[in-house]
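Next comes my_file_21.cif, with mmCIF, C-alpha atoms.
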```
data_start
#
loop_
_atom_site.label_atom_id
_atom_site.label_comp_id
_atom_site.auth_asym_id
_atom_site.auth_seq_id
_atom_site.Cartn_x
_atom_site.Cartn_y
_atom_site.Cartn_z
CA MET A 26 -30.94 24.51 -13.66
CA ASP A 27 -29.31 27.65 -12.29
CA ASN A 28 -30.91 27.51 -8.89
CA ALA A 29 -30.33 29.95 -6.09
CA GLU A 30 -28.10 27.50 -4.24
CA MET A 31 -24.91 28.27 -6.08
CA ARG A 32 -22.18 30.86 -6.37
CA GLN A 33 -20.59 32.14 -9.52
CA GLU A 34 -18.21 34.88 -10.56
CA ARG A 35 -16.79 36.15 -13.82
CA VAL A 36 -13.06 36.58 -14.15
CA THR A 37 -10.58 37.35 -16.94
CA ILE A 38 -7.56 35.11 -17.58
CA SER A 39 -4.66 37.50 -17.13
CA ASN A 40 -1.43 35.51 -17.45
CA ARG A 41 0.34 35.62 -20.79
CA LEU A 42 0.26 31.90 -21.55
CA GLY A 43 -3.37 31.44 -20.58
CA LEU A 44 -4.88 28.30 -19.15
CA HIS A 45 -2.09 25.96 -20.27
CA ALA A 46 -1.29 22.56 -18.79
CA ARG A 47 0.46 23.76 -15.66
CA ALA A 48 -2.11 26.47 -14.94
CA ALA A 49 -4.92 23.98 -15.56
CA ALA A 50 -3.16 21.55 -13.23
CA LEU A 51 -3.06 24.15 -10.46
CA PHE A 52 -6.72 24.99 -11.05
CA THR A 53 -7.75 21.32 -10.97
CA LYS A 54 -5.79 20.63 -7.80
CA GLN A 55 -7.29 23.64 -6.07
CA ALA A 56 -10.83 22.79 -7.29
CA SER A 57 -10.53 19.16 -6.22
CA ALA A 58 -9.87 20.28 -2.65
CA PHE A 59 -13.53 21.42 -2.41
CA SER A 60 -16.53 19.13 -2.11
CA SER A 61 -18.74 21.40 -4.23
CA LYS A 62 -19.46 20.68 -7.86
CA ILE A 63 -17.34 23.15 -9.82
CA GLU A 64 -17.85 24.27 -13.40
CA VAL A 65 -15.98 26.62 -15.67
CA ILE A 66 -18.07 28.31 -18.33
CA LYS A 67 -16.83 30.07 -21.44
CA ASP A 68 -19.42 31.20 -23.99
CA HIS A 69 -21.49 28.12 -24.74
CA LEU A 70 -18.90 25.72 -23.27
CA ARG A 71 -19.33 24.36 -19.78
CA VAL A 72 -16.68 22.04 -18.35
CA ASN A 73 -15.90 20.26 -15.10
CA GLY A 74 -13.47 22.41 -13.07
CA LYS A 75 -11.99 19.28 -11.52
CA SER A 76 -10.97 17.85 -14.91
CA ILE A 77 -7.63 19.04 -16.28
CA MET A 78 -8.39 17.58 -19.69
CA GLU A 79 -11.72 19.38 -19.98
CA LEU A 80 -10.14 22.64 -18.84
CA LEU A 81 -7.56 22.34 -21.62
CA THR A 82 -10.37 22.23 -24.18
CA ILE A 83 -11.86 25.64 -23.38
CA ALA A 84 -9.02 27.54 -25.07
CA GLY A 85 -8.40 29.85 -22.15
CA ILE A 86 -5.94 32.22 -23.77
CA GLN A 87 -4.97 35.52 -22.18
CA GLY A 88 -7.93 37.91 -22.02
CA THR A 89 -10.58 35.18 -22.09
CA GLN A 90 -13.51 35.78 -19.78
CA ILE A 91 -14.68 32.74 -17.88
CA THR A 92 -17.32 32.13 -15.26
CA ILE A 93 -16.44 29.98 -12.27
CA ARG A 94 -19.49 28.37 -10.75
CA ALA A 95 -19.66 26.24 -7.62
CA GLU A 96 -22.55 24.41 -6.04
CA GLY A 97 -22.32 22.65 -2.69
CA ALA A 98 -21.40 23.02 0.95
CA ASP A 99 -18.21 25.01 0.35
CA GLU A 100 -19.27 26.89 -2.80
CA GLU A 101 -18.48 30.29 -1.32
CA GLN A 102 -14.87 29.44 -0.44
CA ALA A 103 -14.37 27.51 -3.68
CA VAL A 104 -15.33 30.40 -5.95
CA GLU A 105 -13.34 32.85 -3.89
CA ALA A 106 -10.18 30.70 -3.98
CA LEU A 107 -10.40 29.87 -7.69
CA VAL A 108 -11.14 33.45 -8.75
CA LYS A 109 -8.12 34.56 -6.76
CA LEU A 110 -5.94 31.93 -8.46
CA VAL A 111 -6.99 33.12 -11.94
CA LYS A 112 -6.70 36.82 -11.01
CA ASN A 113 -3.17 36.22 -9.74
CA GLY A 114 -2.26 34.74 -13.12
CA PHE A 115 -1.65 31.30 -11.55
CA GLY A 116 1.32 32.81 -9.76
CA GLU A 117 3.07 33.40 -13.08
CA ARG A 118 2.40 36.86 -14.43
CA MET B 6 23.33 -18.93 -38.22
CA GLU B 7 24.29 -16.06 -40.45
CA HIS B 8 25.71 -13.00 -38.77
CA ALA B 9 23.20 -10.16 -38.38
CA GLN B 10 23.85 -7.07 -40.42
CA VAL B 11 26.01 -4.37 -38.88
CA HIS B 12 24.54 -0.86 -38.90
CA ILE B 13 26.33 2.29 -37.83
CA LEU B 14 23.99 5.16 -36.97
CA HIS B 15 24.97 8.74 -36.23
CA GLY B 16 23.04 11.00 -33.90
CA VAL B 17 23.50 13.77 -31.37
CA PRO B 18 25.75 12.90 -28.39
CA ALA B 19 23.47 13.75 -25.45
CA SER B 20 25.28 12.28 -22.46
CA ALA B 21 28.90 11.14 -22.43
CA GLY B 22 30.13 7.61 -21.89
CA ILE B 23 30.32 4.28 -23.72
CA ALA B 24 27.94 1.38 -23.20
CA ILE B 25 27.89 -2.11 -24.71
CA GLY B 26 24.72 -4.09 -24.08
CA GLU B 27 21.56 -5.70 -25.29
CA ALA B 28 18.78 -3.76 -27.03
CA VAL B 29 15.46 -3.32 -25.25
CA LEU B 30 12.82 -1.62 -27.35
CA ILE B 31 10.22 0.64 -25.87
CA ASP B 32 7.86 0.76 -28.79
CA MET B 33 5.35 3.56 -28.49
CA LYS B 34 3.72 2.63 -31.76
CA LYS B 35 2.39 -0.58 -30.24
CA ILE B 36 -0.43 1.55 -28.90
CA GLU B 37 -1.85 1.48 -32.44
CA ARG B 38 -2.18 -2.30 -32.32
CA TYR B 39 -4.60 -2.99 -29.50
CA PRO B 40 -7.34 -5.59 -29.28
CA ARG B 41 -10.88 -4.44 -30.07
CA LEU B 42 -13.44 -6.74 -28.53
CA LYS B 43 -17.11 -6.78 -27.70
CA ILE B 44 -17.55 -8.27 -24.24
CA PRO B 45 -20.52 -10.10 -22.73
CA GLU B 46 -22.42 -8.43 -19.92
CA ASP B 47 -20.97 -10.71 -17.24
CA ARG B 48 -17.45 -9.63 -18.21
CA VAL B 49 -18.10 -5.90 -17.67
CA GLU B 50 -17.13 -5.97 -13.99
CA ASP B 51 -13.84 -7.76 -14.77
CA GLU B 52 -13.06 -5.30 -17.52
CA LEU B 53 -13.68 -2.32 -15.21
CA LEU B 54 -11.40 -3.90 -12.62
CA ARG B 55 -8.70 -4.49 -15.23
CA PHE B 56 -8.87 -0.82 -16.24
CA ASP B 57 -8.76 0.37 -12.61
CA GLU B 58 -5.67 -1.77 -12.03
CA ALA B 59 -3.94 -0.31 -15.08
CA VAL B 60 -4.71 3.20 -13.79
CA ALA B 61 -3.35 2.35 -10.35
CA LEU B 62 -0.20 0.80 -11.85
CA SER B 63 0.36 3.86 -14.05
CA GLN B 64 0.03 6.13 -11.02
CA ARG B 65 2.55 4.06 -9.08
CA GLN B 66 5.00 4.19 -11.98
CA ILE B 67 4.72 7.95 -12.31
CA ARG B 68 5.08 8.47 -8.56
CA GLU B 69 8.17 6.30 -8.64
CA ALA B 70 9.54 8.40 -11.50
CA ILE B 71 8.88 11.59 -9.52
CA GLY B 72 10.76 10.06 -6.59
CA THR B 73 13.74 9.22 -8.80
CA LEU B 74 13.81 12.70 -10.29
CA GLU B 75 13.54 14.39 -6.91
CA SER B 76 16.37 12.32 -5.46
CA HIS B 77 18.57 13.36 -8.37
CA ARG B 78 17.44 16.96 -8.08
CA VAL B 79 16.61 17.14 -11.76
CA VAL B 80 15.00 20.27 -13.24
CA LYS B 81 11.82 21.11 -11.33
CA GLU B 82 9.93 21.43 -14.59
CA HIS B 83 10.06 17.69 -15.24
CA VAL B 84 8.50 16.93 -11.88
CA LEU B 85 5.71 19.40 -12.65
CA ILE B 86 5.02 17.69 -15.99
CA LEU B 87 4.79 14.34 -14.24
CA GLU B 88 2.44 15.78 -11.62
CA THR B 89 0.24 16.98 -14.49
CA HIS B 90 0.26 13.42 -15.84
CA LEU B 91 -0.83 12.13 -12.43
CA LEU B 92 -3.75 14.55 -12.45
CA MET B 93 -4.72 13.32 -15.90
CA LEU B 94 -4.78 9.75 -14.59
CA ARG B 95 -7.35 10.85 -12.02
CA ASP B 96 -9.30 12.92 -14.51
CA PRO B 97 -13.00 12.10 -14.73
CA ALA B 98 -12.97 13.12 -18.41
CA LEU B 99 -10.67 10.16 -18.99
CA VAL B 100 -11.34 7.64 -16.22
CA ASP B 101 -15.11 8.02 -15.88
CA ARG B 102 -15.49 8.21 -19.64
CA VAL B 103 -13.59 4.94 -20.20
CA ARG B 104 -15.64 3.22 -17.49
CA ALA B 105 -18.86 4.52 -19.02
CA LEU B 106 -17.86 3.27 -22.47
CA ILE B 107 -16.98 -0.18 -21.13
CA THR B 108 -20.33 -0.40 -19.35
CA SER B 109 -22.64 1.06 -21.97
CA GLU B 110 -20.98 -0.11 -25.19
CA ARG B 111 -19.70 -3.40 -23.75
CA ILE B 112 -16.29 -3.01 -25.29
CA ASN B 113 -12.91 -3.97 -23.84
CA ALA B 114 -10.82 -1.49 -21.85
CA GLU B 115 -8.24 -0.88 -24.61
CA TRP B 116 -10.89 0.05 -27.14
CA ALA B 117 -12.71 2.27 -24.63
CA LEU B 118 -9.44 3.97 -23.71
CA LYS B 119 -8.60 4.62 -27.35
CA ARG B 120 -12.03 6.15 -27.93
CA ALA B 121 -11.96 8.33 -24.82
CA LEU B 122 -8.45 9.57 -25.69
CA GLY B 123 -9.56 10.27 -29.24
CA GLU B 124 -12.43 12.45 -28.00
CA ILE B 125 -10.16 14.42 -25.67
CA GLU B 126 -7.44 14.87 -28.28
CA GLU B 127 -9.97 16.02 -30.85
CA ALA B 128 -11.37 18.59 -28.41
CA ILE B 129 -7.89 19.92 -27.64
CA GLN B 130 -6.90 19.96 -31.33
CA SER B 131 -9.87 22.20 -32.08
CA VAL B 132 -8.51 24.87 -29.74
CA ASP B 133 -7.43 27.89 -31.75
CA ASP B 134 -4.09 28.46 -30.06
CA GLU B 135 -0.85 26.77 -31.06
CA TYR B 136 0.58 26.73 -27.56
CA LEU B 137 -2.45 25.21 -25.89
CA ARG B 138 -2.91 22.78 -28.76
CA SER B 139 0.57 21.37 -28.25
CA ARG B 140 -0.61 20.03 -24.89
CA VAL B 141 -1.97 17.01 -26.72
CA ALA B 142 1.48 15.46 -26.22
CA ASP B 143 0.79 15.14 -22.48
CA THR B 144 -2.48 13.28 -22.96
CA THR B 145 -0.71 11.04 -25.48
CA PHE B 146 2.03 10.13 -23.01
CA VAL B 147 -0.57 9.30 -20.37
CA GLY B 148 -2.64 7.30 -22.86
CA GLU B 149 0.38 5.32 -24.03
CA ARG B 150 1.38 4.41 -20.51
CA LEU B 151 -2.16 3.23 -19.70
CA MET B 152 -2.35 1.24 -22.93
CA ARG B 153 1.00 -0.43 -22.29
CA ASN B 154 -0.08 -1.38 -18.78
CA LEU B 155 -3.41 -2.69 -20.07
CA THR B 156 -1.91 -4.80 -22.81
CA GLY B 157 0.71 -6.09 -20.39
CA LYS B 158 3.71 -5.03 -22.42
CA LYS B 159 6.27 -5.02 -19.65
CA THR B 160 8.62 -2.40 -20.93
CA SER B 161 8.46 0.16 -18.20
CA GLY B 162 11.80 0.44 -16.52
CA PHE B 163 11.75 -1.97 -13.65
CA HIS B 164 11.47 -5.17 -15.68
CA LEU B 165 14.61 -4.62 -17.69
CA ALA B 166 17.35 -7.22 -17.77
CA GLN B 167 20.91 -6.43 -16.76
CA ASN B 168 23.01 -4.59 -19.35
CA SER B 169 20.10 -3.12 -21.27
CA ILE B 170 20.39 -0.32 -23.76
CA VAL B 171 16.99 1.23 -24.22
CA VAL B 172 16.00 2.11 -27.78
CA ALA B 173 12.86 4.15 -28.45
CA HIS B 174 11.38 6.56 -30.92
CA ASP B 175 10.95 9.06 -28.09
CA LEU B 176 10.94 8.80 -24.31
CA SER B 177 8.66 10.70 -21.98
CA PRO B 178 10.31 12.27 -18.91
CA ALA B 179 8.71 9.50 -16.84
CA ASP B 180 10.18 6.77 -19.04
CA THR B 181 13.63 8.29 -18.89
CA ALA B 182 13.55 8.77 -15.14
CA MET B 183 12.43 5.18 -14.58
CA LEU B 184 15.46 3.84 -16.35
CA ASN B 185 17.22 2.42 -13.37
CA LYS B 186 20.89 3.23 -13.41
CA GLY B 187 21.79 -0.25 -12.21
CA THR B 188 20.25 -2.12 -15.13
CA VAL B 189 20.14 0.42 -17.93
CA LEU B 190 23.48 1.18 -19.47
CA GLY B 191 22.34 3.81 -21.91
CA PHE B 192 19.70 4.94 -24.28
CA ALA B 193 19.17 5.81 -27.87
CA THR B 194 16.22 7.69 -29.37
CA ASP B 195 15.12 8.58 -32.90
CA VAL B 196 14.19 12.15 -32.02
CA GLY B 197 15.51 14.82 -29.68
CA GLY B 198 18.37 17.28 -29.40
CA MET B 199 20.78 18.51 -26.75
CA THR B 200 17.99 20.14 -24.76
CA SER B 201 15.38 17.35 -24.98
CA HIS B 202 14.07 15.73 -21.81
CA THR B 203 16.02 12.59 -22.60
CA ALA B 204 19.30 14.46 -22.94
CA ILE B 205 18.93 16.44 -19.74
CA ILE B 206 17.77 13.58 -17.57
CA ALA B 207 20.42 11.21 -18.97
CA HIS B 208 23.04 13.79 -18.21
CA SER B 209 21.85 14.24 -14.62
CA LEU B 210 21.74 10.48 -14.08
CA GLU B 211 25.16 10.11 -15.76
CA ILE B 212 23.91 7.49 -18.22
CA PRO B 213 25.33 7.61 -21.78
CA ALA B 214 22.77 8.68 -24.38
CA VAL B 215 22.57 9.38 -28.09
CA VAL B 216 19.47 11.14 -29.43
CA GLY B 217 18.34 12.23 -32.89
CA LEU B 218 19.26 8.88 -34.46
CA GLU B 219 16.24 9.16 -36.81
CA ASN B 220 15.51 5.47 -37.50
CA ALA B 221 17.17 3.53 -34.68
CA SER B 222 13.90 2.16 -33.29
CA ALA B 223 12.97 0.78 -36.71
CA LEU B 224 16.37 -0.80 -37.40
CA VAL B 225 17.12 -2.33 -34.03
CA ASN B 226 15.52 -5.61 -32.96
CA PRO B 227 15.04 -6.64 -29.32
CA GLY B 228 18.09 -8.52 -28.11
CA ASP B 229 20.47 -7.06 -30.70
CA THR B 230 23.92 -6.32 -29.37
CA LEU B 231 24.56 -2.58 -29.35
CA ILE B 232 27.48 -0.27 -28.85
CA LEU B 233 26.38 3.17 -27.72
CA ASP B 234 28.97 5.91 -27.88
CA GLY B 235 27.63 8.98 -26.10
CA ILE B 236 30.89 10.84 -26.68
CA SER B 237 30.80 10.97 -30.47
CA GLY B 238 27.08 10.22 -30.92
CA VAL B 239 27.31 6.80 -32.58
CA LEU B 240 25.15 3.69 -32.25
CA ILE B 241 26.50 0.43 -33.69
CA VAL B 242 23.94 -2.34 -34.18
CA ASN B 243 25.20 -5.94 -34.24
CA PRO B 244 28.87 -4.98 -34.01
CA SER B 245 31.62 -7.41 -35.01
CA GLU B 246 33.82 -9.04 -32.37
CA SER B 247 36.64 -6.68 -33.23
CA GLN B 248 34.39 -3.62 -32.90
CA ILE B 249 33.28 -4.84 -29.47
CA ARG B 250 36.89 -5.30 -28.39
CA GLU B 251 37.78 -1.88 -29.73
CA TYR B 252 34.95 -0.20 -27.82
CA GLN B 253 35.63 -2.17 -24.63
CA GLN B 254 39.12 -0.74 -24.85
CA ARG B 255 37.74 2.77 -25.49
CA ALA B 256 35.32 2.46 -22.56
CA ARG B 257 38.19 1.44 -20.28
CA SER B 258 40.39 4.29 -21.40
CA TYR B 259 37.50 6.74 -21.07
CA LEU B 260 36.87 5.61 -17.50
CA SER B 261 40.51 5.60 -16.45
CA LEU B 262 41.06 8.95 -18.13
CA GLU B 263 38.04 10.30 -16.23
CA LEU B 264 39.42 8.96 -12.96
CA LYS B 265 42.92 10.23 -13.59
CA LEU B 266 41.64 13.64 -14.61
CA LYS B 267 39.37 13.85 -11.59
CA GLU B 268 42.27 13.13 -9.26
CA LYS B 269 44.54 15.61 -11.01
CA ALA B 270 41.75 18.17 -11.11
CA ARG B 271 41.75 18.44 -7.33
CA GLU B 272 45.31 19.75 -7.34
CA PRO B 273 45.79 23.49 -7.65
CA ALA B 274 46.58 24.73 -11.16
CA ILE B 275 50.11 26.21 -11.01
CA THR B 276 52.30 26.95 -14.03
CA LYS B 277 55.97 25.90 -14.12
CA ASP B 278 57.07 29.41 -13.24
CA GLY B 279 54.85 29.28 -10.17
CA LYS B 280 51.86 31.30 -11.33
CA ARG B 281 48.58 30.23 -9.78
CA ILE B 282 45.72 30.01 -12.30
CA ARG B 283 42.10 29.57 -11.48
CA VAL B 284 40.31 26.99 -13.66
CA MET B 285 36.56 27.47 -13.79
CA GLY B 286 33.74 25.64 -15.50
CA ASN B 287 30.82 26.81 -17.61
CA LEU B 288 27.24 25.92 -16.73
CA GLU B 289 24.05 25.49 -18.65
CA PHE B 290 21.93 23.90 -15.93
CA LYS B 291 22.11 24.35 -12.19
CA GLU B 292 22.11 20.54 -11.92
CA GLU B 293 25.61 20.53 -13.42
CA VAL B 294 27.21 22.36 -10.50
CA LYS B 295 28.14 19.13 -8.71
CA THR B 296 29.88 17.67 -11.76
CA VAL B 297 31.76 20.89 -12.42
CA LEU B 298 32.98 21.11 -8.82
CA ASP B 299 33.82 17.37 -8.77
CA HIS B 300 36.08 18.04 -11.72
CA GLY B 301 38.00 20.59 -9.74
CA ALA B 302 36.55 23.87 -10.95
CA GLU B 303 37.23 26.87 -8.75
CA GLY B 304 34.16 28.81 -9.70
CA ILE B 305 31.83 29.26 -12.64
CA GLY B 306 33.25 31.27 -15.53
CA LEU B 307 29.94 31.54 -17.34
CA TYR B 308 26.47 30.45 -16.29
CA ARG B 309 24.35 30.46 -19.46
CA THR B 310 20.96 31.12 -17.93
CA GLU B 311 19.04 31.08 -21.22
CA PHE B 312 18.87 27.31 -20.81
CA LEU B 313 16.22 28.01 -18.19
CA TYR B 314 13.98 28.84 -21.15
CA LEU B 315 14.92 25.91 -23.33
CA VAL B 316 13.97 23.03 -21.08
CA ARG B 317 10.41 24.08 -20.38
CA ARG B 318 7.26 24.88 -22.21
CA ASP B 319 6.33 28.13 -20.51
CA ILE B 320 8.29 31.25 -19.67
CA PRO B 321 10.28 31.04 -16.41
CA THR B 322 9.20 33.59 -13.83
CA GLU B 323 11.44 36.05 -12.03
CA GLU B 324 11.13 33.70 -9.06
CA ASP B 325 12.37 30.74 -11.16
CA HIS B 326 15.41 32.77 -12.23
CA PHE B 327 16.07 33.82 -8.67
CA ASP B 328 15.81 30.25 -7.35
CA ALA B 329 18.12 28.88 -10.05
CA TYR B 330 20.74 31.62 -9.62
CA ARG B 331 20.67 31.34 -5.87
CA SER B 332 21.13 27.57 -5.83
CA VAL B 333 24.12 27.90 -8.16
CA VAL B 334 25.74 30.75 -6.24
CA GLU B 335 25.23 28.97 -2.90
CA ALA B 336 26.61 25.66 -4.16
CA VAL B 337 29.65 27.28 -5.76
CA SER B 338 30.44 29.53 -2.80
CA PRO B 339 33.12 30.47 -1.65
CA TYR B 340 34.12 30.59 -5.34
CA ASN B 341 32.63 33.12 -7.72
CA THR B 342 29.86 32.62 -10.29
CA VAL B 343 29.58 34.78 -13.41
CA ILE B 344 25.94 34.89 -14.54
CA ARG B 345 25.00 35.76 -18.10
CA THR B 346 21.41 36.91 -18.04
CA LEU B 347 20.30 36.22 -21.59
CA ASP B 348 21.58 35.18 -24.99
CA LEU B 349 18.58 33.57 -26.55
CA GLY B 350 19.36 33.15 -30.22
CA GLY B 351 17.95 30.60 -32.64
CA ASP B 352 21.17 28.59 -32.41
CA LYS B 353 20.13 27.42 -28.95
CA PHE B 354 17.22 25.41 -30.24
CA TYR B 355 19.19 22.89 -32.23
#
```
Represent the structure of the file as structure tokens.
Amino acid sequence: MDNAEMRQERVTISNRLGLHARAAALFTKQASAFSSKIEVIKDHLRVNGKSIMELLTIAGIQGTQITIRAEGADEEQAVEALVKLVKNGFGER
Amino acid sequence: MEHAQVHILHGVPASAGIAIGEAVLIDMKKIERYPRLKIPEDRVEDELLRFDEAVALSQRQIREAIGTLESHRVVKEHVLILETHLLMLRDPALVDRVRALITSERINAEWALKRALGEIEEAIQSVDDEYLRSRVADTTFVGERLMRNLTGKKTSGFHLAQNSIVVAHDLSPADTAMLNKGTVLGFATDVGGMTSHTAIIAHSLEIPAVVGLENASALVNPGDTLILDGISGVLIVNPSESQIREYQQRARSYLSLELKLKEKAREPAITKDGKRIRVMGNLEFKEEVKTVLDHGAEGIGLYRTEFLYLVRRDIPTEEDHFDAYRSVVEAVSPYNTVIRTLDLGGDKFY
């Protein structure tokens, strides 16, 4: 399943409120701009990065480590942009 | 015909003014009474189409609400909440799941929607964090709108008759914003306080509102005559002729008093012995600047910025503070604004 044709990176959720509705909305919007399939993985949970409702179910509180995985034509740019968004605390800090 | 029983309910005055009109109920609980049907295979396509149309209609309604809010320059936070709702309406976890349930289980769209929502809400409820868990409210608002559009209950803002007073258990920001000022005279809700969405939006739209009425939506029937007093926080159901006359009189005096005061307010405040006094207004929301200046204020005596915290679900950033302060200071200029940075006690929540 995890073939060579994909990019992934681990990142820690740094903003105080975690992956709440507005942060998840920003993530979804950003993810939907890419054609690649995008997944967010936390422990045994794996959700669609383009689904705000699924993102809300992973309990992304501050300090949670998640893996952002993209597979497709623009996987490189997608992972880079999404990791940056999470690292910047969704512009909140 | 016997005369319907008069009820006088007391709540929290959320937006000033008096309205006399006909009750329109937006009943959120109707979502619990939806048809559950097995459908034959040749109906699946129709059912999918019906669901897609309800999604499209919901998106149009929310976009319209965003437009209304933006044109009234209401708190940015409400627009962001509505944009989140739009994203949810495009969410594969909801839309694709409902379509899959209709196709594979051969059930009607309402039933499939209820099941898909149930799965999502259960998953969010299992999250071990109070703040994130409270996000279920957003999925509920989106689900209710979809269900109402599916079941064809035309209660969403644009189909209201003239002189309507909207009564509801609670109103989402989208519902409140869609209440067209031309046809809706006021609104009354069971829940809510001074800082609820309903209160803030009503205030910005200058529509009278009473919130926190506890059981108004249960007591009021569609078509009942209502008197809504947003000044003292009273809702009178099925008023007598004399009560109507009394409140018509009060509404007229309120309006003419407002007008007279507004005219007078433009004149400079000078005491009999010739001393010039500056009259300023206090602010809780930057959206109130226009009203304060319209009423003749020469500056802001106290801008209570803690209300930035009370109308949103997350903590405002330094940038949010800066933007709010700047828009107030710029609008009030050349007069002065006194900004109080923070007084966030428990009293502010009620």
Exercise for the section: Mind giving me the straight-line distance from CA of Ile91 in chain A to CA of Val108 in chain A in Å, one decimal? Expected result: 9.8 Å
Exercise for the section: Residues of chain B near chain A: apply a cut-off of 6 Å, count all atoms listed in the file, and supply the list as a count of residues only. Expected result: 6
Problem - Counting all atoms listed in the file, the residue of A:Ile63, A:His69, A:Lys109, A:Thr37 that sits nearest Arg94 in chain A - result: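 Closest to Arg94 in chain A of all the choices is A:Ile63.
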Practice task
Measure the distance from CA of Gly26 in chain B to CA of Val171 in chain B in Å and round it to one decimal.
Solution key: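 Computing it gives 9.4 Å between the two atoms.
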Completion exercise
Taken to one decimal, the CA of Asn341 in chain B-CA of Leu307 in chain B distance is 10.1 Å
Can you list, as a PDB file with C-alpha atoms, keeping the file's coordinate frame, the residues that the PyMOL selection byres ((chain A and resi 65-67) around 6) selects here?
```pdb
ATOM      1  CA  GLU A  64     -17.850  24.270 -13.400  1.00  0.00           C
ATOM      2  CA  ASP A  68     -19.420  31.200 -23.990  1.00  0.00           C
ATOM      3  CA  LEU A  70     -18.900  25.720 -23.270  1.00  0.00           C
ATOM      4  CA  ARG A  71     -19.330  24.360 -19.780  1.00  0.00           C
ATOM      5  CA  VAL A  72     -16.680  22.040 -18.350  1.00  0.00           C
ATOM      6  CA  GLY A  74     -13.470  22.410 -13.070  1.00  0.00           C
ATOM      7  CA  ILE A  91     -14.680  32.740 -17.880  1.00  0.00           C
ATOM      8  CA  THR A  92     -17.320  32.130 -15.260  1.00  0.00           C
ATOM      9  CA  ILE A  93     -16.440  29.980 -12.270  1.00  0.00           C
TER      10      ILE A  93
END
```
